[in-house]
Amino acid sequence: MSLELSKQYNPREVEDSIYNFWLTKNYFHAEADASKKPYTIVIPPPNVTGILHMGHALNNTIQDILIRAKRMQGFNCLWVPGTDHAGIATQNVVEKKIKKEKNLTRQDLGREKFLEEVWNWRNEYGSTIISQLKKLGSSCDWQRLSFTMDEGYSKSVQEVFITLFNAGLIYRGNYIINWCPRCQTALSDEEAPHKDLDGFLYYIKYPIKDTKNYITVATTRPETMLGDKAIAINPKDKRFKHLIGKTVILPLIEKEIPIIADELVDMEFGTGFVKVTPAHDPNDFIMGKRHNLEPLKIMTPDGKISENSGDYNGMDRFEAREAIIEDLKERKLLEKIEPHKHAVGHCYRCHTIIEPYLSLQWFVKMKPLSEEAVRVVKSGKIKFHPARWKKIYLNWFNNLQDWCISRQIWWGHRIPVYYCKKCQETGILNEKIKNQNSKIEQRGVIVSKTKSDKCPNCGSSDIYQDEDVLDTWFSSWLWPFATLNWPKEQSEKELKYFYPTNTLVTAQEIIFFWVARMIMAGIYFMKDIPFRDVYIHGTVRDDTGKKMSKSLGNIIDPLEIINNFGADALRFSIISLTSAGQDVYLSNEKFQAGRNFANKIWNASRFVLINLEPEKINVDLCIYSKDNLKELKDRWILSRFYQTLAQVSKSIDQFKINEAIKQIYEFFWHEFCDWYIELSKQDIKNPTTQVILYKVLEKTLRILHPFMPFITEQIWQSLSGEKSESIMIASWPHLQKQFISKEIDSQMQVIIDLIASVRNLRAEIKIDPSKTIDLIIYSKNKDIIKLLKENSGYIQKLGQVLNITFQEKEARPKNAVSAVSGKISFHIPLEGIIDIGKELLRVNKEIENIENFLKNSSTKLNNKDFLKNAPLEVIEKEKQKRIDLKEKLEKLKTYSKFLS
RNA sequence: GGACGGUUGGCUCAAUGGUAGAGCGCUUCGUUCACAUCGAAGAAGUUGCAGGUUCGAUUCCUGCACCGUCCACCA
């Protein structure tokens, strides 16, 4: 690799080969090594069906920055990559594919053949996202690439299921779960997010038996009345107490159902009467249990009304709703319809409205697992960044229901449970299992890692495996240790070394799905937290604030950005825009900032490399002290660099990634390029200048590397000094505090301000930029005069000044324009005649400005309360400010008088 | 119903109990050999509204409005 002298940086030409260079050198791989401290991150595994979107780009850029920075800081860094099998999502994708290509459903193919199709799919397309992560520059240890359906990983999942089962923390039972009629599977509560919908509240009359009276029930889902088993009121409801125990006629079905009393009923809502449908509502299910009401399922798994429902048989659930309303209207049993907003669960995969559905499922008891998970966060053992997510995390544990883990799909970890038909029929209980897990139905249940062909209880070979697979998150929650090969014995050393991991970087959307559950699993199985810091970044949105999603068509494709502007530009822009967990608003133009910065880095480096004489630069900075580093610009740039280094290191440790990159940007562009490089042009052959130019560039590249790995490596390879073979294994610059000097900073600032004032004046009076001027300077402060005299070259160079004269006494030259910068007044003599009118206008405007400031300042200093209460420091500062302003004002007034 | 986040120049966002900053955009000028994906200069903000605390509030407190998000057994 060598630095071509092209004027523009062309990322497309170099990025792939740089990445391959890193891979060849095996820099990303980490092994347990007791002599070094570990720093570990596990990637939030993208879905195997995924293609890289901006959310991934943000997420993985942050991780890569942390990993690369820590690696340079001497940690033994491991970033574990992998993908998630994403049960429902992947199954949907493959189902669509075979439908399109072969016009077959998965049922047509059968379980085995279908799974073969899924594996084929994943072998062909499953690594797409991985290669895209590489494009981004991710320095993951690819030798440890994991997949949640890997053989070893499956073993972990089974181990966990069986352990929890034996501990009585997994049970099977008939409960109301969230059912997606399209995917035809159960979902956990987290997988069925509620969205507000504009619906209606239907008021339906239920005639009271043997009377002409009726009661009115308000419901949002009239179709479920087919399964009504009772009407409930609150026992405290005095209005209707007399009706408890009476019987009403269920309209349309003409069945008799009782009126019962239950505390779950909210007297305030609707009419105070609630229809009780135990098979289709979680509350009704609870009431049903309490009152021994046999649940009646009126829907099939695909969301149609099931048999024995008369006219409504086979109707879609929403069709049935309309039909029932029409029929009720006809029979004059519909009192009214009111608009009603309510939250309805939706399938997080296909957005179909979920159905609360009674079915036989497997559950994990959450209470016992959550206690420690709450404690470790409350106590601060695990920290959230920003801290506000702690509250949100903890809040989730209130009202936490048991976790439904069985899914009626095929792609996933098959539940390691077998049933013995004979035992089920004969009713002989497996005593061993009964003792371990006494609360559940376990007739004929065999829990086993391997497929057994004989029932251990009765010896029968008529056994079959549970048809269901486990929730994807039931494998994801093991990620931090399953990827380190738990529970294999040979993995012990690695686990001990890399676990707990250090930082988890993720988005807010999966705090409950994933973060909370990893904490539970880690504590339960590893007896230790899975990570210490959780960094939550924002959601990527488009510039109108909408979440970026394929369905909205507002996607900005990261790969296209990489292709057009380079991975470094993408990384720079997205990181710069991400402040402390706030959402990121993106648009195409924003990536130009990154491209421009990369180009600036490129060209600054080009300047340095073109001018460097290699034999001059192999000098350690340590040889410099105040005595042998006399040039202000040299001392200043070192002071500024080391301050930047300190800030950047701190910002990274505090997860303020955007601040870190801004600090580097500011330093590199506006201090190093704008001032140091410009000034260095004057004495570019000077050995000291050469060393400082080289060292500052080289060190800045190092701190920039985690953020913009490709361009920094490309330039690094062209540096001629002594260096490591790659910048990514170079060490983080050591903070040399002796170079930091506030005094030097402020001295340089005086000069910068003066040059800015001179330039400003030149522009205001429209002096030709190519024309040099003379400068006459006065200041009564001797230190300043000395400073300016010593560094007059800077002013000459950057202010386009030929001669500088210093006045002993302030005297106004003829035919000159004048201005004031801090404690310095200066004059530019002009050959032609000054436009006095314009000049007067300019000066008077400045005077007005200062008078305003002065007025402000005087009001403060004349305020007794201010003098009494404000800190001494502030008062002193204010006083000094007034003195300076007065001095400046006086000078300008004299000048103004002189002009008029 | 509860909770959280946001509201600052045309746009996107910083910052701070003591004269509000950057990038983009805009105006003017400039291709002298690192960079026009650049340089120099400039215009532009009563920091959502109303109270309160304070010598002093954009910053702290209270209420409100609007935008966004999450949670809840809203029949």
# chains A, B, ... in the order shown; residues from 1 in each chain; ligands from 1
call {"tool": "interface_residues", "arguments": {"of": "chain A", "to": "chain B", "cutoff": "7 Å", "atoms": "only C-alpha atoms (C1' of nucleotides)", "output": "PyMOL selection string"}}
result
chain A and resi 219+274+282-283+342+595-596+599-600+603-604+606-607+760+763+853+865-866+869-870+874
call {"tool": "select_by_dssp", "arguments": {"residues": "stretch 456-529 of chain A", "states": "strand (DSSP E or B)", "output": "list of chain:residue names"}}
result
A:Ile463, A:Tyr464, A:Gln465, A:Val469, A:Leu470, A:Thr501, A:Asn502, A:Thr503, A:Leu504, A:Val505, A:Thr506, A:Ala507
call {"tool": "select_by_dssp", "arguments": {"residues": "stretch 200-299 of chain A", "states": "alpha helix (DSSP H)", "output": "VMD selection string"}}
result
chain A and resid 282 to 290
call {"tool": "atom_distance", "arguments": {"atom1": "atom CA of A:Ser625", "atom2": "atom CA of A:Asp745"}}
result
16.2 Å
call {"tool": "residues_around", "arguments": {"residues": "A:Arg388", "least_positions_apart": "3", "cutoff": "10 Å", "atoms": "only C-alpha atoms (C1' of nucleotides)", "output": "VMD selection string"}}
result
(chain A and resid 384 to 385 391 to 393 536 581) or (chain B and resid 4 to 5)
call {"tool": "decode", "arguments": {"residues": "stretch 241-271 of chain A", "atoms": "N, CA, C and O atoms", "output": "compact mmCIF listing (two decimals), in the first residue's frame"}}
result
# COMPACT_ATOMS: atom_id res chain seq x y z
N LYS A 241 -76.67 -5.26 42.22
CA LYS A 241 -76.46 -6.35 43.16
C LYS A 241 -77.58 -7.39 43.08
O LYS A 241 -77.34 -8.60 43.14
N HIS A 242 -78.80 -6.90 42.91
CA HIS A 242 -79.96 -7.79 42.91
C HIS A 242 -79.96 -8.76 41.73
O HIS A 242 -80.68 -9.73 41.72
N LEU A 243 -79.12 -8.49 40.74
CA LEU A 243 -79.13 -9.36 39.56
C LEU A 243 -78.18 -10.56 39.66
O LEU A 243 -78.24 -11.47 38.86
N ILE A 244 -77.31 -10.53 40.68
CA ILE A 244 -76.35 -11.63 40.82
C ILE A 244 -77.10 -12.94 40.98
O ILE A 244 -78.03 -13.04 41.78
N GLY A 245 -76.68 -13.91 40.18
CA GLY A 245 -77.32 -15.23 40.27
C GLY A 245 -78.46 -15.40 39.27
O GLY A 245 -78.89 -16.53 39.01
N LYS A 246 -78.91 -14.31 38.71
CA LYS A 246 -79.96 -14.42 37.68
C LYS A 246 -79.37 -14.98 36.38
O LYS A 246 -78.15 -15.08 36.22
N THR A 247 -80.24 -15.33 35.50
CA THR A 247 -79.80 -15.91 34.23
C THR A 247 -80.20 -15.01 33.07
O THR A 247 -81.29 -14.44 33.08
N VAL A 248 -79.29 -14.87 32.11
CA VAL A 248 -79.65 -14.11 30.91
C VAL A 248 -79.55 -15.01 29.69
O VAL A 248 -78.90 -16.06 29.73
N ILE A 249 -80.18 -14.57 28.64
CA ILE A 249 -80.13 -15.35 27.40
C ILE A 249 -79.09 -14.73 26.48
O ILE A 249 -79.16 -13.54 26.16
N LEU A 250 -78.13 -15.55 26.10
CA LEU A 250 -77.10 -15.08 25.18
C LEU A 250 -77.73 -14.91 23.80
O LEU A 250 -78.16 -15.90 23.20
N PRO A 251 -77.76 -13.66 23.31
CA PRO A 251 -78.44 -13.43 22.04
C PRO A 251 -77.80 -14.23 20.90
O PRO A 251 -76.62 -14.58 21.00
N LEU A 252 -78.53 -14.44 19.87
CA LEU A 252 -78.11 -15.15 18.66
C LEU A 252 -77.91 -16.63 18.91
O LEU A 252 -78.33 -17.49 18.13
N ILE A 253 -77.27 -16.98 20.03
CA ILE A 253 -76.99 -18.38 20.35
C ILE A 253 -78.15 -18.98 21.12
O ILE A 253 -78.39 -20.19 21.09
N GLU A 254 -78.86 -18.08 21.82
CA GLU A 254 -79.99 -18.50 22.65
C GLU A 254 -79.57 -19.50 23.71
O GLU A 254 -80.20 -20.52 23.90
N LYS A 255 -78.48 -19.20 24.39
CA LYS A 255 -78.04 -20.06 25.48
C LYS A 255 -78.25 -19.34 26.79
O LYS A 255 -78.20 -18.12 26.83
N GLU A 256 -78.46 -20.09 27.82
CA GLU A 256 -78.63 -19.46 29.13
C GLU A 256 -77.26 -19.33 29.81
O GLU A 256 -76.52 -20.30 29.89
N ILE A 257 -76.99 -18.15 30.29
CA ILE A 257 -75.73 -17.96 31.04
C ILE A 257 -76.02 -17.16 32.31
O ILE A 257 -76.94 -16.35 32.33
N PRO A 258 -75.22 -17.41 33.35
CA PRO A 258 -75.49 -16.76 34.64
C PRO A 258 -74.88 -15.36 34.75
O PRO A 258 -73.95 -15.02 34.02
N ILE A 259 -75.41 -14.59 35.68
CA ILE A 259 -74.77 -13.32 36.05
C ILE A 259 -73.96 -13.59 37.32
O ILE A 259 -74.49 -14.10 38.31
N ILE A 260 -72.68 -13.28 37.22
CA ILE A 260 -71.80 -13.55 38.36
C ILE A 260 -71.19 -12.24 38.86
O ILE A 260 -71.28 -11.20 38.20
N ALA A 261 -70.56 -12.31 40.03
CA ALA A 261 -69.91 -11.12 40.59
C ALA A 261 -68.40 -11.36 40.64
O ALA A 261 -67.97 -12.42 41.09
N ASP A 262 -67.63 -10.40 40.17
CA ASP A 262 -66.17 -10.57 40.23
C ASP A 262 -65.51 -9.20 40.33
O ASP A 262 -65.89 -8.25 39.66
N GLU A 263 -64.48 -9.16 41.16
CA GLU A 263 -63.80 -7.88 41.43
C GLU A 263 -63.08 -7.31 40.22
O GLU A 263 -62.76 -6.13 40.18
N LEU A 264 -62.80 -8.16 39.26
CA LEU A 264 -62.08 -7.67 38.08
C LEU A 264 -62.90 -6.66 37.28
O LEU A 264 -62.36 -5.92 36.48
N VAL A 265 -64.18 -6.63 37.53
CA VAL A 265 -65.04 -5.74 36.74
C VAL A 265 -64.89 -4.31 37.23
O VAL A 265 -64.96 -4.03 38.42
N ASP A 266 -64.68 -3.43 36.28
CA ASP A 266 -64.57 -2.00 36.58
C ASP A 266 -65.97 -1.38 36.48
O ASP A 266 -66.56 -1.36 35.40
N MET A 267 -66.47 -0.92 37.61
CA MET A 267 -67.83 -0.37 37.62
C MET A 267 -67.98 0.84 36.71
O MET A 267 -69.04 1.12 36.18
N GLU A 268 -66.89 1.56 36.57
CA GLU A 268 -66.93 2.82 35.82
C GLU A 268 -67.03 2.59 34.32
O GLU A 268 -67.52 3.44 33.59
N PHE A 269 -66.54 1.46 33.87
CA PHE A 269 -66.44 1.27 32.43
C PHE A 269 -67.76 0.81 31.83
O PHE A 269 -68.44 -0.06 32.39
N GLY A 270 -68.08 1.34 30.69
CA GLY A 270 -69.25 0.89 29.93
C GLY A 270 -70.51 0.95 30.78
O GLY A 270 -70.81 1.98 31.39
N THR A 271 -71.21 -0.17 30.86
CA THR A 271 -72.48 -0.20 31.60
C THR A 271 -72.30 -0.82 32.98
O THR A 271 -73.23 -0.84 33.77
